[in-house]
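Coordinates as given in entry-v9.txt (compact mmCIF, C-alpha atoms):
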```txt
# COMPACT_ATOMS: atom_id res chain seq x y z
CA MET A 333 67.72 75.08 158.96
CA LYS A 334 65.27 72.17 159.18
CA ALA A 335 66.59 71.33 162.60
CA GLN A 336 65.66 74.83 163.74
CA ILE A 337 62.21 75.02 162.17
CA LEU A 338 60.74 71.93 163.83
CA PRO A 339 61.50 72.95 167.43
CA LEU A 340 60.18 76.45 166.69
CA VAL A 341 56.89 75.10 165.32
CA LYS A 342 56.69 72.76 168.30
CA LYS A 343 57.29 75.65 170.69
CA GLU A 344 54.52 77.71 169.05
CA LEU A 345 52.09 74.79 169.28
CA LEU A 346 53.05 74.08 172.89
CA SER A 347 52.67 77.67 174.02
CA GLU A 348 49.31 77.76 172.26
CA TRP A 349 48.27 74.57 174.03
CA ARG A 350 49.39 75.84 177.43
CA GLN A 351 47.37 79.03 177.19
CA ARG A 352 44.27 77.53 175.66
CA TYR A 353 42.23 80.66 176.15
CA ALA A 354 43.64 82.10 172.92
CA ILE A 355 42.58 79.24 170.66
CA ASN A 356 39.30 78.85 172.53
CA GLY A 357 38.75 82.56 172.06
CA MET A 358 39.30 82.22 168.33
CA ILE A 359 36.89 79.30 168.07
CA LEU A 360 34.30 81.27 170.03
CA TYR A 361 34.89 84.28 167.78
CA LEU A 362 34.32 82.07 164.75
CA ALA A 363 31.17 80.53 166.21
CA SER A 364 29.72 83.89 167.26
CA THR A 365 30.43 85.44 163.84
CA ILE A 366 28.74 82.53 162.11
CA PHE A 367 25.80 82.80 164.45
CA VAL A 368 25.49 86.55 163.96
CA CYS A 369 25.46 86.01 160.18
CA TYR A 370 22.89 83.25 160.55
CA MET A 371 20.64 85.39 162.73
CA SER A 372 20.97 88.55 160.65
CA PHE A 373 20.04 86.72 157.47
CA GLY A 374 17.05 85.42 159.39
CA LEU A 375 17.04 82.22 157.43
CA LYS A 376 16.24 78.64 157.99
CA ALA A 377 18.95 76.19 156.93
CA GLY A 378 19.33 75.76 153.20
CA THR A 379 17.35 78.78 152.04
CA ILE A 380 20.37 80.92 151.21
CA ASP A 381 21.82 81.34 147.70
CA ALA A 382 24.85 79.22 146.87
CA ILE A 383 26.86 82.34 145.92
CA THR A 384 25.97 84.11 149.17
CA TRP A 385 26.68 80.98 151.18
CA ASN A 386 30.13 80.71 149.68
CA ALA A 387 31.06 84.41 149.89
CA LEU A 388 29.83 84.69 153.48
CA PHE A 389 31.82 81.62 154.49
CA TRP A 390 35.04 83.06 153.08
CA ILE A 391 34.47 86.48 154.58
CA ILE A 392 34.04 84.87 158.00
CA ILE A 393 37.20 82.80 157.48
CA LEU A 394 39.10 85.89 156.28
CA PHE A 395 38.22 87.91 159.37
CA THR A 396 39.01 85.00 161.66
CA ALA A 397 42.33 84.53 159.90
CA VAL A 398 43.26 88.22 160.18
CA ASN A 399 42.41 88.23 163.87
CA SER A 400 44.18 85.01 164.73
CA VAL A 401 47.33 85.65 162.69
CA ALA A 402 47.59 89.26 163.87
CA LYS A 403 48.82 88.17 167.27
CA SER A 404 51.67 86.03 165.92
CA PHE A 405 54.19 88.86 166.10
CA ILE A 406 52.30 91.46 168.07
CA GLN A 407 52.07 89.28 171.19
CA ASP A 408 55.80 88.48 171.29
CA LYS A 409 57.64 90.70 173.75
CA GLU A 410 60.73 92.58 172.65
CA GLY A 411 62.95 90.57 174.96
CA ARG A 412 61.81 87.29 173.50
CA MET A 413 62.40 88.61 169.98
CA LEU A 414 65.93 89.51 170.97
CA TYR A 415 66.40 86.01 172.33
CA TYR A 416 65.23 84.44 169.06
CA TYR A 417 67.53 86.77 167.21
CA SER A 418 70.50 85.42 169.08
CA ILE A 419 69.72 81.73 168.60
CA THR A 420 68.15 81.29 165.15
CA SER A 421 68.08 82.72 161.66
CA PRO A 422 65.17 84.95 160.56
CA GLU A 423 64.33 82.53 157.73
CA SER A 424 63.56 79.71 160.13
CA ILE A 425 61.47 82.02 162.29
CA ILE A 426 59.24 83.17 159.43
CA ILE A 427 58.86 79.64 158.05
CA SER A 428 58.00 78.23 161.46
CA LYS A 429 55.45 81.00 162.04
CA ILE A 430 53.90 80.40 158.61
CA VAL A 431 53.71 76.64 159.21
CA TYR A 432 52.22 77.15 162.65
CA ASN A 433 49.65 79.69 161.42
CA ALA A 434 48.75 77.39 158.52
CA VAL A 435 48.06 74.56 160.97
CA LEU A 436 46.04 76.92 163.16
CA LEU A 437 44.00 78.21 160.22
CA ILE A 438 43.36 74.73 158.85
CA VAL A 439 42.02 73.68 162.25
CA LEU A 440 39.96 76.86 162.61
CA SER A 441 38.44 76.68 159.13
CA GLY A 442 37.72 72.98 159.61
CA ILE A 443 35.73 73.85 162.74
CA GLY A 444 34.27 76.76 160.78
CA ILE A 445 32.91 74.45 158.05
CA LEU A 446 31.31 72.22 160.66
CA ILE A 447 29.51 75.01 162.52
CA TYR A 448 28.66 76.90 159.34
CA SER A 449 27.11 73.95 157.55
CA PHE A 450 25.33 72.98 160.75
CA VAL A 451 23.37 76.23 160.96
CA MET A 452 23.38 77.47 157.36
CA GLY A 453 22.90 74.17 155.53
CA ASN A 454 25.41 72.37 153.36
CA PRO A 455 25.04 72.79 149.58
CA ILE A 456 28.54 71.44 148.79
CA GLN A 457 28.45 68.75 146.12
CA ASP A 458 32.15 67.97 145.80
CA LEU A 459 33.40 67.93 149.38
CA PRO A 460 37.04 66.79 148.73
CA LEU A 461 37.58 69.66 146.27
CA PHE A 462 36.03 72.13 148.71
CA LEU A 463 38.37 70.88 151.43
CA LEU A 464 41.28 71.29 149.03
CA ALA A 465 40.18 74.91 148.47
CA VAL A 466 40.04 75.44 152.25
CA PHE A 467 43.47 73.85 152.64
CA LEU A 468 45.09 76.00 149.92
CA GLY A 469 43.28 79.07 151.22
CA ALA A 470 44.54 78.49 154.76
CA ILE A 471 48.13 78.13 153.56
CA GLY A 472 47.81 81.28 151.44
CA PHE A 473 46.21 83.32 154.22
CA SER A 474 48.89 82.15 156.60
CA SER A 475 51.84 83.07 154.36
CA GLY A 476 50.39 86.44 153.42
CA LEU A 477 49.10 87.47 156.81
CA THR A 478 52.11 86.31 158.84
CA MET A 479 54.35 88.67 156.91
CA ILE A 480 51.83 91.53 157.20
CA SER A 481 51.58 90.89 160.92
CA GLY A 482 55.35 91.23 161.15
CA ILE A 483 55.17 94.54 159.30
CA ALA A 484 52.24 95.84 161.36
CA SER A 485 53.91 94.91 164.65
CA LYS A 486 56.59 97.53 163.96
CA ALA A 487 54.07 100.36 164.02
CA SER A 488 52.19 101.77 166.98
CA ASN A 489 48.56 101.30 165.87
CA SER A 490 49.14 97.73 164.76
CA GLY A 491 45.55 96.53 165.07
CA THR A 492 44.08 98.88 162.48
CA LEU A 493 47.18 98.69 160.35
CA MET A 494 46.97 94.92 160.19
CA ALA A 495 43.53 95.09 158.56
CA VAL A 496 44.42 98.00 156.28
CA LEU A 497 47.61 96.39 155.03
CA SER A 498 46.34 92.86 154.67
CA PHE A 499 42.96 93.17 152.96
CA PRO A 500 44.09 94.56 149.60
CA VAL A 501 47.07 92.20 149.47
CA ILE A 502 44.95 89.17 150.26
CA ILE A 503 42.10 89.94 147.82
CA PRO A 504 43.55 88.09 144.76
CA LEU A 505 43.84 84.99 146.92
CA VAL A 506 40.31 85.38 148.28
CA LEU A 507 38.89 85.79 144.77
CA MET A 508 40.66 82.69 143.49
CA VAL A 509 39.68 80.57 146.49
CA ILE A 510 36.04 81.71 146.25
CA ARG A 511 35.99 80.75 142.58
CA LEU A 512 37.51 77.34 143.32
CA SER A 513 35.13 76.57 146.17
CA LYS A 514 32.17 77.71 144.04
CA ASN A 515 33.20 75.10 141.46
CA ALA A 516 33.32 72.54 144.26
CA MET A 517 29.88 73.55 145.49
CA ASP A 518 28.35 73.24 142.03
CA GLY A 519 30.00 69.86 141.60
CA ILE A 520 31.52 70.87 138.26
CA ASP A 521 33.89 68.35 136.68
CA ARG A 522 37.25 68.64 138.44
CA SER A 523 39.23 69.27 135.26
CA ALA A 524 37.44 72.65 135.05
CA SER A 525 39.12 73.72 138.30
CA THR A 526 42.76 73.02 137.39
CA ASP A 527 43.26 76.65 136.28
CA GLU A 528 42.15 77.93 139.68
CA ILE A 529 44.26 75.39 141.58
CA ILE A 530 47.37 76.27 139.59
CA THR A 531 46.78 80.01 140.05
CA LEU A 532 46.24 79.51 143.78
CA LEU A 533 49.46 77.52 144.06
CA ALA A 534 51.29 80.20 142.09
CA ILE A 535 49.97 83.02 144.30
CA ASN A 536 50.91 81.02 147.40
CA LEU A 537 54.37 80.48 145.97
CA ILE A 538 54.89 84.16 145.12
CA VAL A 539 53.68 85.35 148.53
CA GLY A 540 55.65 82.68 150.38
CA ALA A 541 58.84 83.42 148.47
CA ALA A 542 58.42 87.17 149.03
CA SER A 543 57.96 86.61 152.79
CA TYR A 544 61.00 84.35 152.92
CA LEU A 545 63.21 86.85 151.10
CA LEU A 546 61.95 89.99 152.83
CA PHE A 547 61.60 88.92 156.44
CA PRO A 548 65.33 89.11 157.25
CA TYR A 549 65.26 92.85 156.40
CA LEU A 550 62.20 93.45 158.56
CA TRP A 551 63.79 91.49 161.37
CA ARG A 552 66.83 93.71 161.56
CA SER A 553 64.97 96.84 162.56
CA MET B 340 71.05 121.16 129.21
CA LYS B 341 72.64 117.75 128.72
CA LYS B 342 70.84 116.42 131.77
CA ASN B 343 67.50 117.91 130.80
CA TRP B 344 67.03 116.34 127.37
CA TRP B 345 64.57 113.77 128.69
CA LYS B 346 62.35 116.42 130.25
CA ILE B 347 62.10 118.24 126.92
CA LEU B 348 61.48 114.90 125.21
CA GLY B 349 58.75 114.12 127.74
CA VAL B 350 56.96 117.44 127.24
CA ALA B 351 57.28 117.14 123.47
CA LEU B 352 55.88 113.61 123.49
CA VAL B 353 52.96 114.58 125.75
CA GLY B 354 52.23 117.53 123.46
CA TYR B 355 52.37 115.22 120.48
CA ALA B 356 50.09 112.75 122.26
CA ILE B 357 47.50 115.45 123.03
CA LEU B 358 47.58 116.88 119.49
CA GLY B 359 47.78 113.51 117.77
CA GLY B 360 45.28 111.95 120.12
CA PHE B 361 42.64 114.53 119.32
CA LEU B 362 43.36 115.27 115.67
CA PHE B 363 44.69 112.15 113.93
CA LYS B 364 42.39 109.80 112.10
CA VAL B 365 41.18 106.88 114.17
CA PRO B 366 39.55 103.63 113.03
CA ARG B 367 35.75 103.51 113.33
CA LEU B 368 34.67 100.68 115.59
CA ASN B 369 31.25 99.74 116.88
CA ILE B 370 30.31 101.17 120.27
CA LEU B 371 33.70 102.86 120.67
CA ASN B 372 33.50 105.36 117.80
CA GLU B 373 35.41 108.55 118.66
CA THR B 374 35.88 107.56 122.29
CA ILE B 375 38.70 105.32 121.12
CA ARG B 376 40.88 108.43 121.43
CA ASN B 377 40.82 107.85 125.17
CA LEU B 378 43.37 105.12 124.50
CA ASN B 379 46.06 107.80 124.49
CA PHE B 380 45.00 109.25 127.82
CA HIS B 381 43.51 106.39 129.81
CA VAL B 382 45.46 103.28 128.85
CA THR B 383 48.74 105.19 128.90
CA MET B 384 48.04 106.10 132.53
CA TRP B 385 48.07 102.40 133.47
CA PHE B 386 51.28 101.74 131.58
CA GLY B 387 52.83 104.79 133.25
CA MET B 388 51.58 103.69 136.65
CA VAL B 389 53.03 100.19 136.32
CA ILE B 390 56.39 101.58 135.13
CA LEU B 391 56.54 104.12 137.98
CA LEU B 392 55.50 101.59 140.63
CA THR B 393 58.11 99.16 139.30
CA THR B 394 60.71 101.93 139.62
CA SER B 395 59.53 102.52 143.17
CA MET B 396 59.92 98.81 143.94
CA VAL B 397 63.43 98.74 142.44
CA TYR B 398 64.45 101.66 144.67
CA ALA B 399 62.90 99.86 147.66
CA ILE B 400 65.18 96.88 146.93
CA LYS B 401 68.16 99.22 146.59
CA TYR B 402 67.29 100.84 149.91
CA LEU B 403 67.15 97.46 151.66
CA LYS B 404 70.56 96.61 150.22
CA LYS B 405 72.35 99.90 150.85
CA GLY B 406 70.40 101.55 153.68
CA ASP B 407 70.79 105.00 152.13
CA LEU B 408 67.78 107.25 152.89
CA HIS B 409 68.09 108.85 149.47
CA TYR B 410 66.80 105.62 147.89
CA ASP B 411 63.87 105.64 150.29
CA ASP B 412 62.95 109.17 149.14
CA LYS B 413 63.08 108.01 145.54
CA SER B 414 61.01 104.94 146.29
CA VAL B 415 58.21 106.84 148.03
CA GLU B 416 58.07 109.69 145.52
CA PHE B 417 57.86 107.34 142.54
CA ALA B 418 55.13 105.45 144.37
CA LYS B 419 53.24 108.71 144.98
CA VAL B 420 53.37 109.70 141.31
CA GLY B 421 52.33 106.14 140.46
CA ILE B 422 49.29 106.59 142.73
CA LEU B 423 48.52 109.91 141.00
CA PHE B 424 48.60 108.14 137.64
CA GLY B 425 46.38 105.41 139.04
CA VAL B 426 43.79 107.94 140.25
CA LEU B 427 43.89 109.73 136.90
CA GLY B 428 43.55 106.36 135.17
CA ILE B 429 40.42 105.55 137.19
CA LEU B 430 38.95 109.02 136.53
CA THR B 431 39.61 108.96 132.77
CA GLY B 432 38.30 105.42 132.66
CA ALA B 433 35.12 106.29 134.57
CA PHE B 434 34.55 109.31 132.33
CA TRP B 435 34.95 107.15 129.23
CA ALA B 436 32.83 104.33 130.64
CA ASN B 437 30.03 106.80 131.35
CA PHE B 438 29.64 107.30 127.60
CA THR B 439 30.51 103.82 126.39
CA TRP B 440 29.03 101.52 129.00
CA GLY B 441 26.34 103.90 130.22
CA GLU B 442 27.64 104.24 133.79
CA PRO B 443 30.93 105.31 135.33
CA TRP B 444 31.40 102.21 137.48
CA SER B 445 30.23 98.84 136.24
CA GLY B 446 32.13 96.54 138.55
CA ASP B 447 34.29 95.38 135.67
CA ALA B 448 37.12 93.00 136.59
CA LYS B 449 39.79 95.49 135.56
CA GLN B 450 38.13 98.40 137.35
CA ASN B 451 38.04 96.38 140.54
CA ALA B 452 41.66 95.31 140.15
CA ALA B 453 42.69 98.94 139.65
CA ALA B 454 40.77 100.03 142.74
CA ILE B 455 42.36 97.28 144.85
CA CYS B 456 45.78 98.23 143.53
CA LEU B 457 45.21 101.81 144.68
CA LEU B 458 44.04 100.54 148.09
CA ILE B 459 47.34 98.67 148.46
CA TYR B 460 49.36 101.79 147.82
CA PHE B 461 47.17 103.98 150.04
CA ALA B 462 47.86 101.41 152.76
CA TYR B 463 51.56 101.86 151.98
CA LEU B 464 51.26 105.59 152.66
CA VAL B 465 49.30 104.99 155.88
CA LEU B 466 52.01 102.57 157.01
CA ARG B 467 54.71 105.16 156.33
CA ASN B 468 52.88 107.80 158.33
CA SER B 469 52.44 105.55 161.34
CA LEU B 470 56.16 104.93 161.79
CA GLN B 471 58.36 107.52 163.48
CA ASP B 472 62.01 106.55 163.13
CA GLU B 473 63.35 107.43 159.66
CA GLN B 474 65.44 104.31 159.14
CA GLN B 475 62.73 102.02 160.43
CA LYS B 476 60.11 103.81 158.34
CA GLY B 477 62.27 103.29 155.29
CA ARG B 478 62.96 99.64 155.95
CA VAL B 479 59.44 98.57 156.95
CA SER B 480 57.78 100.46 154.12
CA ALA B 481 60.33 99.13 151.61
CA VAL B 482 59.51 95.61 152.75
CA TYR B 483 55.78 96.30 152.35
CA ASN B 484 56.38 97.94 148.97
CA ILE B 485 58.11 94.85 147.56
CA PHE B 486 55.61 92.52 149.21
CA ALA B 487 52.63 94.48 147.90
CA TYR B 488 54.13 94.68 144.43
CA SER B 489 54.59 90.93 144.26
CA ALA B 490 51.00 90.45 145.44
CA MET B 491 49.81 93.01 142.87
CA ILE B 492 51.23 91.16 139.87
CA PRO B 493 48.63 88.37 139.95
CA LEU B 494 45.97 91.01 140.55
CA LEU B 495 46.78 93.14 137.52
CA PHE B 496 48.12 90.64 135.02
CA ILE B 497 46.65 87.23 135.78
CA LEU B 498 43.18 87.59 137.34
CA PRO B 499 41.58 89.94 134.74
CA ARG B 500 42.68 87.57 131.99
CA LEU B 501 41.11 84.59 133.73
CA SER B 502 37.66 86.18 133.74
CA PRO B 503 36.57 86.52 130.11
CA ASP B 504 33.54 88.67 130.92
CA SER B 505 35.40 91.97 131.20
CA LEU B 506 33.64 94.84 129.44
CA HIS B 507 36.91 96.35 128.28
CA PRO B 508 37.63 96.59 124.56
CA GLY B 509 39.36 93.45 123.38
CA ASN B 510 37.75 91.25 126.06
CA GLY B 511 34.78 88.95 125.74
CA GLY B 512 34.13 89.69 122.07
CA ASN B 513 34.09 93.47 122.43
CA PRO B 514 35.79 95.37 119.63
CA GLY B 515 39.38 95.90 120.67
CA PHE B 516 42.48 97.65 119.60
CA ASN B 517 44.50 94.63 118.64
CA PHE B 518 41.92 92.63 116.73
CA TYR B 519 40.59 95.29 114.40
CA ASP B 520 43.25 97.93 114.32
CA LEU B 521 45.73 96.23 112.07
CA ASP B 522 46.71 99.43 110.25
CA SER B 523 48.50 100.66 113.38
CA LYS B 524 47.02 104.14 113.12
CA LEU B 525 46.56 104.25 116.86
CA ARG B 526 49.98 102.93 117.68
CA ILE B 527 51.92 105.84 116.21
CA VAL B 528 50.40 107.99 118.96
CA PHE B 529 49.92 105.34 121.64
CA TYR B 530 53.52 104.21 122.15
CA PRO B 531 55.06 107.71 122.20
CA ALA B 532 52.26 108.77 124.56
CA ILE B 533 53.26 106.05 127.06
CA ILE B 534 56.87 107.23 127.01
CA GLY B 535 55.82 110.89 127.24
CA TRP B 536 53.49 110.46 130.22
CA THR B 537 56.01 108.25 132.03
CA LEU B 538 58.79 110.80 131.53
CA LEU B 539 56.48 113.53 132.82
CA GLY B 540 55.75 111.40 135.89
CA ALA B 541 59.44 110.81 136.45
CA TRP B 542 60.04 114.57 136.21
CA ILE B 543 57.41 115.25 138.90
CA ALA B 544 59.03 112.58 141.09
CA THR B 545 62.55 113.98 140.69
CA LEU B 546 61.33 117.47 141.64
CA GLN B 547 59.81 116.06 144.83
CA ILE B 548 62.97 114.08 145.56
CA ARG B 549 65.09 117.22 145.21
CA ILE B 550 62.77 119.17 147.52
CA LYS B 551 63.08 116.39 150.09
CA ALA B 552 66.87 116.33 149.77
CA ILE B 553 66.98 120.11 150.29
CA THR B 554 64.71 120.04 153.37
CA ARG B 555 66.80 117.23 154.82
CA ALA B 556 70.00 119.20 154.22
CA THR B 557 68.58 122.38 155.80
CA GLU B 558 67.29 120.43 158.80
CA ASP B 559 70.78 119.12 159.42
CA VAL B 560 72.16 122.66 159.41
```
Go ahead and render the structure in this file as structure tokens.
Amino acid sequence: MKAQILPLVKKELLSEWRQRYAINGMILYLASTIFVCYMSFGLKAGTIDAITWNALFWIIILFTAVNSVAKSFIQDKEGRMLYYYSITSPESIIISKIVYNAVLLIVLSGIGILIYSFVMGNPIQDLPLFLLAVFLGAIGFSSGLTMISGIASKASNSGTLMAVLSFPVIIPLVLMVIRLSKNAMDGIDRSASTDEIITLLAINLIVGAASYLLFPYLWRS
Amino acid sequence: MKKNWWKILGVALVGYAILGGFLFKVPRLNILNETIRNLNFHVTMWFGMVILLTTSMVYAIKYLKKGDLHYDDKSVEFAKVGILFGVLGILTGAFWANFTWGEPWSGDAKQNAAAICLLIYFAYLVLRNSLQDEQQKGRVSAVYNIFAYSAMIPLLFILPRLSPDSLHPGNGGNPGFNFYDLDSKLRIVFYPAIIGWTLLGAWIATLQIRIKAITRATEDV
């Protein structure tokens, strides 16, 4: 199992690296969205509310995540899927895709924080905790959205369906992660955030376990 | 007759709930006053919805295991009645909130969770409609059903309890049913009402399932 996952993750990363336009496109998407938000608020750095700053950041990350994860199954051709089917188990495929998307999202949201705080100001007081929130959020988005992308790829209008299916499912996670990162921004004592961290871990665990158990059935069709 | 006892029981219990809910003595509480009778019509809807959606999820698991389309019919019809209960729950809740909180929609944590929950199941129906092949439709939507259900649990049971500022009775220092109502006057109607409404919902679902089975049989001929 482990021996299969590592090469699969490596293959995903390699194919991403070889066709860099995809990742560059995502980074540009992220930068343009941030810039559109910055322009439409018409603000100078640092004049935006902490709550708005936080919510806007997560909305941008959410849309970037949906767009970048959506292609993980939709782009794979039927022939290649058949080839995977003959050489590996579905469990290792879903885990490798989740791991790969998590890495991708962590990189993207890291770049996102940099650009975002560059133009919109940086009111974060407890940066390590905020980064932890981003890390947990990226893993959660990845495990939830990868599965949804697999589901959506089976239908014809997968682009719309991806958004429709994923937003309601991902909302509990978004709410928790927004709450956690708000605590980090306000620099509240870290012991006050343990509830949020545990809930986030639990949601990630539930969603991850559900993906792991259900993907083999999706795979068969 | 032997098979129909639960339908009669359901109708009897709903009748009892309507009569008892309107006529029995209820405890006088601040703010709530007579509107506390909505407990038998609004809160029971949520209990019914969760029971019906759980049934739907169980049939989705059975479908994935056996691959029999009959289970898929059951799964989708129970989900549809669950959605109906959810809509009724929101309507009765909004009606009640209009008198108690002064406006039908106050952005309360539980109201939002209920709305998101309905969004998830509307997405489930959209997903079903966008797939053509019967077996694939069944399998993909069963996978989404189970996935959405496991993502809904934190939404309905964990998140509202983490935010203490809900306006609902029993939260955040508002007069509630459990704290003040120790004489159990409400419970003698409330518990039978849950069973009655749920049985009624199950009856609606079984009628739909039978209609589907008949259309499928006539199509084959």
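Of the listed residues (A:Phe367, A:Tyr549, A:Tyr432, A:Trp385), A:Tyr549 comes nearest to Ala399 (chain B); the distances count only C-alpha atoms.
You will find CA of Ala356 (chain B) at 28.8 Å from CA of Tyr398 (chain B).
Near Gln336 (chain A), within a cut-off of 9 Å and counting only C-alpha atoms, sit the residues Leu340, Val341, Thr420, Ser421, Ser424, Ile425 and Ser428 of chain A, with same-chain residues fewer than 4 positions away left out.
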Tell me the residues of chain B close to chain A, meaning within 12 Å using all atoms listed in the file, as a ChimeraX atom specification.
/B:399-400,402-406,448,451-502
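Excluding Val398 (chain A) itself and same-chain residues fewer than 2 positions from it, the residues having an atom within 8 Å of it are Leu394, Phe395, Thr396, Ser400, Val401, Ala402, Leu477, Met494, Ala495 and Ser498 of chain A, counting all atoms listed in the file.
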Polymer residues at most 12 Å from Glu410 (chain A), only C-alpha atoms, same-chain spacing of 4 or more positions, as a tab-separated table (two decimals) with C-alpha atoms, keeping the file's coordinate frame:
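Generated file (out-v9.tsv):
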```
chain	number	residue	atom	x	y	z
A	405	PHE	CA	54.19	88.86	166.10
A	406	ILE	CA	52.30	91.46	168.07
A	414	LEU	CA	65.93	89.51	170.97
A	415	TYR	CA	66.40	86.01	172.33
A	416	TYR	CA	65.23	84.44	169.06
A	417	TYR	CA	67.53	86.77	167.21
A	485	SER	CA	53.91	94.91	164.65
A	486	LYS	CA	56.59	97.53	163.96
A	551	TRP	CA	63.79	91.49	161.37
A	553	SER	CA	64.97	96.84	162.56
```
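For Gly349 (chain B), the list of residues within 7 Å, based on only C-alpha atoms and with local chain neighbours fewer than 3 positions off taken out, reads B:Trp345, B:Lys346, B:Leu352, B:Val353, B:Gly535, B:Trp536, B:Leu538, B:Leu539.
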